[in-house]
>>> print(open('model_21.csv').read())   # CSV, C-alpha atoms
chain,number,residue,atom,x,y,z
S,1,MET,CA,195.4,210.7,42.4
S,2,ASN,CA,195.5,207.9,45.0
S,3,GLY,CA,192.8,205.6,46.2
S,4,LEU,CA,191.7,207.4,49.3
S,5,SER,CA,191.1,210.7,47.5
S,6,THR,CA,189.0,208.9,44.9
S,7,ILE,CA,187.0,207.2,47.6
S,8,LEU,CA,186.4,210.5,49.5
S,9,ILE,CA,185.2,212.2,46.3
S,10,VAL,CA,182.9,209.4,45.4
S,11,VAL,CA,181.4,209.3,48.8
S,12,GLY,CA,181.0,213.1,48.8
S,13,LEU,CA,179.1,212.9,45.4
S,14,PHE,CA,177.0,210.0,46.7
S,15,LEU,CA,176.0,212.2,49.7
S,16,VAL,CA,175.2,215.1,47.4
S,17,GLY,CA,172.8,212.7,45.6
S,18,GLY,CA,171.3,211.9,48.9
S,19,ILE,CA,170.8,215.6,49.7
S,20,ILE,CA,168.9,216.1,46.4
S,21,SER,CA,166.7,213.0,47.2
S,22,PHE,CA,166.0,214.1,50.7
S,23,VAL,CA,165.0,217.6,49.7
S,24,LYS,CA,162.6,216.2,47.1
S,25,GLN,CA,161.1,213.9,49.8
S,26,GLU,CA,160.8,216.9,52.2
S,27,MET,CA,162.8,215.2,54.9
S,28,PRO,CA,163.7,217.2,58.0
S,29,LYS,CA,166.0,220.1,57.5
S,30,SER,CA,168.4,219.0,60.2
S,31,LEU,CA,169.1,215.8,58.3
S,32,VAL,CA,169.7,217.7,55.1
S,33,VAL,CA,172.1,220.0,56.9
S,34,LEU,CA,173.9,217.0,58.4
S,35,LEU,CA,174.3,215.4,55.0
S,36,SER,CA,175.4,218.7,53.5
S,37,ILE,CA,178.2,219.1,56.1
S,38,SER,CA,179.3,215.5,55.6
S,39,ALA,CA,179.3,215.9,51.8
S,40,ALA,CA,181.3,219.1,52.0
S,41,LEU,CA,183.9,217.6,54.3
S,42,CYS,CA,184.3,214.5,52.1
S,43,LEU,CA,184.7,216.5,48.9
S,44,VAL,CA,187.1,219.0,50.5
S,45,ALA,CA,189.2,216.2,52.0
S,46,GLY,CA,189.3,214.4,48.7
S,47,VAL,CA,190.3,217.4,46.7
S,48,LEU,CA,193.0,218.4,49.3
S,49,ARG,CA,194.4,214.8,49.2
S,50,LEU,CA,194.9,215.0,45.5
S,51,GLU,CA,198.6,215.0,44.7
S,52,VAL,CA,198.6,217.6,41.9
S,53,TRP,CA,200.4,220.2,44.0
S,54,ASN,CA,203.6,218.2,44.4
>>> encode(input="model_21.csv", output="structure tokens")
Amino acid sequence: MNGLSTILIVVGLFLVGGIISFVKQEMPKSLVVLLSISAALCLVAGVLRLEVWN
């Protein structure tokens, strides 16, 4: 596990927390969708960069 994959996973989890907060505050759905896409991309990139398959 290198530093970049760790950072991407942490940022993705931070964005997931933001999604939960924004849904509770009834923020606009477009903002929640944007955060969801960003969180998914960060988490997928972080998991794919893990070096467990080598």
>>> atom_distance(input="model_21.csv", atom1="atom CA of Ala39 of chain S", atom2="atom CA of Phe14 of chain S")
8.1 Å
>>> closest_residue(input="model_21.csv", among="S:Leu34, S:Met27, S:Ala45, S:Leu50", to="Leu15 of chain S", atoms="only C-alpha atoms")
S:Leu34
>>> closest_residue(input="model_21.csv", among="S:Ile9, S:Val52, S:Val47, S:Ile19", to="Leu31 of chain S", atoms="all atoms listed in the file")
S:Ile19
>>> residues_near_point(input="model_21.csv", point="(201.4, 206.6, 48.5)", cutoff="12 Å", atoms="all atoms listed in the file", output="list in words")
Met1, Asn2, Gly3, Leu4, Ser5, Arg49, Leu50 and Glu51 of chain S
>>> closest_residue(input="model_21.csv", among="S:Ile37, S:Val32, S:Ile20, S:Cys42", to="Leu8 of chain S", atoms="all atoms listed in the file")
S:Cys42
>>> atom_distance(input="model_21.csv", atom1="atom CA of Pro28 of chain S", atom2="atom CA of Gly46 of chain S")
27.4 Å
>>> atom_distance(input="model_21.csv", atom1="atom CA of Val11 of chain S", atom2="atom CA of Val33 of chain S")
16.3 Å
>>> closest_residue(input="model_21.csv", among="S:Gly18, S:Lys24, S:Gly12, S:Thr6", to="Ala40 of chain S", atoms="all atoms listed in the file")
S:Gly12
>>> decode(input="model_21.csv", residues="segment 14-27 of chain S", atoms="N, CA and C atoms", output="CSV table (one decimal), in the first residue's frame")
chain,number,residue,atom,x,y,z
S,14,PHE,N,-13.9,10.6,3.0
S,14,PHE,CA,-14.3,12.0,3.4
S,14,PHE,C,-15.5,12.5,2.6
S,15,LEU,N,-15.4,12.2,1.3
S,15,LEU,CA,-16.5,12.6,0.4
S,15,LEU,C,-17.8,11.8,0.7
S,16,VAL,N,-17.7,10.6,1.1
S,16,VAL,CA,-18.9,9.8,1.5
S,16,VAL,C,-19.5,10.4,2.7
S,17,GLY,N,-18.7,10.9,3.7
S,17,GLY,CA,-19.2,11.6,4.9
S,17,GLY,C,-19.9,12.9,4.5
S,18,GLY,N,-19.4,13.6,3.5
S,18,GLY,CA,-20.0,14.8,3.0
S,18,GLY,C,-21.4,14.5,2.3
S,19,ILE,N,-21.4,13.3,1.6
S,19,ILE,CA,-22.7,12.9,1.0
S,19,ILE,C,-23.8,12.7,2.0
S,20,ILE,N,-23.4,12.0,3.1
S,20,ILE,CA,-24.4,11.7,4.2
S,20,ILE,C,-24.8,13.0,4.8
S,21,SER,N,-23.9,14.0,5.0
S,21,SER,CA,-24.2,15.2,5.6
S,21,SER,C,-25.1,16.1,4.7
S,22,PHE,N,-24.8,16.1,3.4
S,22,PHE,CA,-25.6,16.9,2.5
S,22,PHE,C,-27.0,16.3,2.3
S,23,VAL,N,-27.1,15.0,2.4
S,23,VAL,CA,-28.5,14.4,2.3
S,23,VAL,C,-29.3,14.8,3.5
S,24,LYS,N,-28.7,14.8,4.7
S,24,LYS,CA,-29.4,15.1,5.9
S,24,LYS,C,-29.8,16.6,5.9
S,25,GLN,N,-29.0,17.5,5.3
S,25,GLN,CA,-29.3,18.9,5.2
S,25,GLN,C,-30.2,19.2,4.0
S,26,GLU,N,-30.6,18.2,3.3
S,26,GLU,CA,-31.5,18.4,2.1
S,26,GLU,C,-30.9,19.4,1.1
S,27,MET,N,-29.6,19.2,0.8
S,27,MET,CA,-29.0,20.0,-0.2
S,27,MET,C,-29.4,19.6,-1.6
